[in-house]
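The structure under discussion appears below in the form of structure tokens.
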Amino acid sequence: MMFKKITTLVATAALSACLVSGAAIAGGPMTIKFSHVVAENTPKGQMANKFKDLVAERLGGKIQVEVFPNSQLFGDNKVLEAMLLGDVQMAAPALSKFSRYTKKLQIFDLPFLFRDMAAVEKFQNSAKGDELLASLQKKGLVGLGYLHNGLKQLSSSQPLTVPADADGLKFRIMSSDVLAAQFKAVNATPLKKPFSEVFTLLQTKAIDGQENTWSNIFSKKFFEVQPYITESNHGLLDYMIVTSKEFWMSVPEADRAIVKKSLDEAIAFGNEVALKKSQDDRQKIVASKRSEIITLDDAQRNQWVEVMKPVWEEFEKEIGKDMIDAAYKSNM
Ligand code: SIN
């Protein structure tokens with residue numbers, strides 16, 4: 001009787017381990033479903049495909065990666081929930097999309113915090129960057145690394161040169177209270193919407209504008225439905241590659257090290273793609289002549305900084321002043 005109970009318990013535990021890990025019960029390879037929302041020709045899309053290739057090369061037959069781009073499997077609003085349920089094993093949401101799980105990552109949304117991507121890199125590679133990477137642990141998620149996309153630009157149906165030009169306009173934002181505060185600071189209306197809906201919202205003029213990087217504006221064709229793009233470089237769009245603790249610990253230790261090494265290499269590759277795309281995709285948009293690019297002189301840019309920077313103080317308590325100071329110092 002006792003023996004039967006134990007065998008049943010062991011079998012149930014083994015079955016649930018298989019389900020969590022995505023492994024085929026009949027002894028097939030363990031599957032890592034990698035879900036993301038952008039196109040395949042973006043930094044994140046190319047990083048995910050590289051990761052899949054490296055894992056196939058090194059762990060073929062044991063572990064395989066399946067990549068689902070363009071919100072095919074989950075949009076960013078659902079993916080973390082799905083990950084905790086074991087329905088997807090990896091994703092790389094924008095750092096702006098974690099606020100239900102931690103308030104600490106809001107730091108990356110503070111407007112005009114980082115002067116350039118070198119400052120972002122320096123901060124992410126610091127002890128504080130590691131601390132933020134670990135900030136999801138209590139929620140059962142493991143931050144495996146950061147990935148760059150780049151600095152954001154403002155696209156709009158009207159030319160935006162000074163903050164007063166944004167007055168009364170509607171902007172789509174990612175699900176971040178900091179981004180909402182940033183647009184409220186210029187008397188605009190922020191609307192939290194999934195990435196997959198942005199093109200239609202712009203095309204149908206349900207909203208007036210949005211903020212994004214050159215590669216997202218290009219790959220999702222936002223420039224075809226937005227006549228003006230202000231080169232503001234006012235904020236950051238980067239990612240965190242995450243998995244669930246339950247899944248991560250179910251990968252045998254030696255294989256886990258190989259998966260992590262493959263991911264680190266794929267991230268390095270993705271960061272190179274991001275750097276190149278921030279220049280190339282901008283050029284392609286210029287060449288298309290569909291959208292006029294507005295550059296700001298120092299006085300105009302300072303006006304945006306002046307009205308948006310008070311947002312830092314609003315979120316100082318949730319993020320931590322020491323964290324903000326450390327990030328700011330990475331500009332030096
Ligand atoms: C992404 O790059 O993953 C999406 C960014 C956005 O939602 O604007």
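A note on labels: chains of the structure tokens are A, B, ... as shown, every chain counts residues from 1, and ligands are counted from 1 in their shown order.
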DSSP says helix (DSSP H, G or I) for which residues of stretch 4-253 of chain A? Put them as an NGL selection string? :A and (4-21 or 43-59 or 76-84 or 95-97 or 104-109 or 117-124 or 127-133 or 137-139 or 163-166 or 177-184 or 195-203 or 214-219 or 222-224 or 245-250 or 253)
Within-6 Å residues of ligand 1, basis only C-alpha atoms and all ligand atoms, as a PyMOL selection string: chain A and resi 37-38+93-94+174+195+212
Residues of the last selection are to be written out with N, CA, C and O atoms, as a PDB file, in the first residue's frame.
```
ATOM      1  N   VAL A  37       7.971  39.665 -29.256  1.00  0.00           N
ATOM      2  CA  VAL A  37       6.912  40.418 -29.938  1.00  0.00           C
ATOM      3  C   VAL A  37       7.383  41.153 -31.184  1.00  0.00           C
ATOM      4  O   VAL A  37       6.557  41.714 -31.905  1.00  0.00           O
ATOM      5  N   VAL A  38       8.702  41.167 -31.404  1.00  0.00           N
ATOM      6  CA  VAL A  38       9.202  41.968 -32.529  1.00  0.00           C
ATOM      7  C   VAL A  38       9.446  41.096 -33.756  1.00  0.00           C
ATOM      8  O   VAL A  38       9.298  39.867 -33.722  1.00  0.00           O
ATOM      9  N   PRO A  93      11.173  40.555 -22.599  1.00  0.00           N
ATOM     10  CA  PRO A  93      10.350  41.774 -22.636  1.00  0.00           C
ATOM     11  C   PRO A  93      11.188  43.035 -22.452  1.00  0.00           C
ATOM     12  O   PRO A  93      12.268  42.993 -21.841  1.00  0.00           O
ATOM     13  N   ALA A  94      10.666  44.125 -22.970  1.00  0.00           N
ATOM     14  CA  ALA A  94      11.307  45.424 -22.726  1.00  0.00           C
ATOM     15  C   ALA A  94      11.339  45.655 -21.213  1.00  0.00           C
ATOM     16  O   ALA A  94      10.426  45.228 -20.490  1.00  0.00           O
ATOM     17  N   MET A 174       4.380  51.795 -23.554  1.00  0.00           N
ATOM     18  CA  MET A 174       4.439  50.450 -22.980  1.00  0.00           C
ATOM     19  C   MET A 174       3.825  50.532 -21.576  1.00  0.00           C
ATOM     20  O   MET A 174       3.578  51.624 -21.078  1.00  0.00           O
ATOM     21  N   PHE A 195       2.356  46.144 -28.047  1.00  0.00           N
ATOM     22  CA  PHE A 195       3.146  46.471 -29.236  1.00  0.00           C
ATOM     23  C   PHE A 195       2.427  46.051 -30.518  1.00  0.00           C
ATOM     24  O   PHE A 195       2.466  46.752 -31.529  1.00  0.00           O
ATOM     25  N   ASN A 212       9.700  55.023 -29.853  1.00  0.00           N
ATOM     26  CA  ASN A 212      10.359  53.745 -30.105  1.00  0.00           C
ATOM     27  C   ASN A 212      11.748  53.949 -30.700  1.00  0.00           C
ATOM     28  O   ASN A 212      12.143  55.069 -31.011  1.00  0.00           O
TER      29      ASN A 212
END
```
Dump as a tab-separated table the rows for residues of stretch 210-326 of chain A within 9 Å of stretch 114-138 of chain A: closest atom pair and distance in Å with one decimal, only C-alpha atoms counted, ordered by chain and rising residue number.
```
residue	atom	partner	partner_atom	distance
A:Asn233	CA	A:Asp116	CA	8.3
A:His234	CA	A:Phe114	CA	8.5
A:Gly235	CA	A:Phe114	CA	7.5
A:Leu236	CA	A:Phe114	CA	7.7
A:Met240	CA	A:Leu133	CA	7.8
A:Ser244	CA	A:Gln137	CA	9.0
A:Lys245	CA	A:Gln137	CA	7.7
A:Leu275	CA	A:Met117	CA	8.8
A:Met323	CA	A:Lys128	CA	7.0
A:Ala326	CA	A:Phe123	CA	7.6
```
Give the strand (DSSP E) residues of stretch 89-176 of chain A, as DSSP finds them on the backbone, and put them as a list in words.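 Everything in stretch 89-176 of chain A that counts as strand (DSSP E) is Met90, Ala91, Leu141, Val142, Gly143, Leu144, Gly145, Tyr146, Leu147, His148, Asn149, Gly150, Leu151, Gln153, Leu154, Ser155, Ser156, Lys170, Phe171, Arg172 and Ile173 of chain A.
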Counting only C-alpha atoms, figure out which residue out of A:Ala268, A:Thr161, A:Leu237, A:Gln279 gets nearest to A:Asp298.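 Closest candidate: A:Thr161.
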Residue nearest A:Glu318 among A:His36, A:Lys184, A:Arg58, A:Lys104 (counting only C-alpha atoms): A:Lys104
Residues at most 10 Å from A:Lys50, counting only C-alpha atoms, excluding those fewer than 5 positions away in the same chain, as a PyMOL selection string? chain A and resi 44-45+55-56+262-263+265-267+269-270
Excluding same-chain residues fewer than 3 positions from A:Gln203, what lies within 9 Å of it counting only C-alpha atoms, as a list of chain:residue names?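 Residues meeting the cut-off are A:Val198, A:Phe199, A:Thr200, A:Ala206, A:Ile207, A:Phe222, A:Glu224, A:Val225, A:Gln226.
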One decimal place gives the atom CA of A:Gln89-atom CA of A:Lys277 separation as 27.4 Å
In Å, rounded to a single decimal, give me how far atom CA of A:Ser156 is from atom CA of A:Ala287. 18.4 Å
Contacts of A:Leu296 at 12 Å or less, counting only C-alpha atoms, minus same-chain residues fewer than 3 places along, as a PDB file with C-alpha atoms, in the first residue's frame?
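Listing of result.pdb after writing:
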```pdb
ATOM      1  CA  GLN A 153      12.662  58.614 -30.688  1.00  0.00           C
ATOM      2  CA  LEU A 154       9.268  60.334 -30.737  1.00  0.00           C
ATOM      3  CA  PRO A 159       6.013  68.041 -35.926  1.00  0.00           C
ATOM      4  CA  LEU A 160       7.370  67.959 -32.348  1.00  0.00           C
ATOM      5  CA  THR A 161      10.159  70.410 -31.723  1.00  0.00           C
ATOM      6  CA  VAL A 162       9.404  71.716 -28.241  1.00  0.00           C
ATOM      7  CA  PRO A 163       7.297  70.127 -25.453  1.00  0.00           C
ATOM      8  CA  ILE A 229      10.013  61.590 -36.175  1.00  0.00           C
ATOM      9  CA  THR A 230      11.811  63.737 -33.614  1.00  0.00           C
ATOM     10  CA  GLU A 231      15.313  62.460 -32.948  1.00  0.00           C
ATOM     11  CA  SER A 232      15.009  62.992 -29.215  1.00  0.00           C
ATOM     12  CA  ASN A 233      17.004  60.049 -27.812  1.00  0.00           C
ATOM     13  CA  HIS A 234      15.001  60.786 -24.673  1.00  0.00           C
ATOM     14  CA  ILE A 293      13.258  63.531 -39.247  1.00  0.00           C
ATOM     15  CA  ALA A 299      17.976  74.888 -26.544  1.00  0.00           C
ATOM     16  CA  GLN A 300      15.050  72.803 -27.856  1.00  0.00           C
ATOM     17  CA  ARG A 301      16.390  69.612 -26.292  1.00  0.00           C
ATOM     18  CA  ASN A 302      16.907  71.363 -22.971  1.00  0.00           C
ATOM     19  CA  GLN A 303      13.227  72.298 -22.924  1.00  0.00           C
ATOM     20  CA  TRP A 304      12.269  68.589 -23.129  1.00  0.00           C
ATOM     21  CA  VAL A 305      14.785  67.744 -20.406  1.00  0.00           C
TER      22      VAL A 305
END
```
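Relative to atom CA of A:Asp281, atom CA of A:Phe74 is found at 26.0 Å.
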Nearby residues (only C-alpha atoms) at most 9 Å from A:Val186, same-chain spacing under 2 positions excluded, as a list in words: Pro163, Ala164, Asp165, Ala166, Asp167, Gly168, Ala181, Gln182, Phe183, Lys184, Ala188, Thr189, Trp304, Val307 and Met308 of chain A
Need the shell around A:Lys78: protein/DNA/RNA residues with any atom at most 12 Å away, counting only C-alpha atoms. Skip same-chain ones fewer than 4 positions apart. Format as a PyMOL selection string? chain A and resi 35-37+71-74+82-85+87-88+91+93+97-98+100+175+194
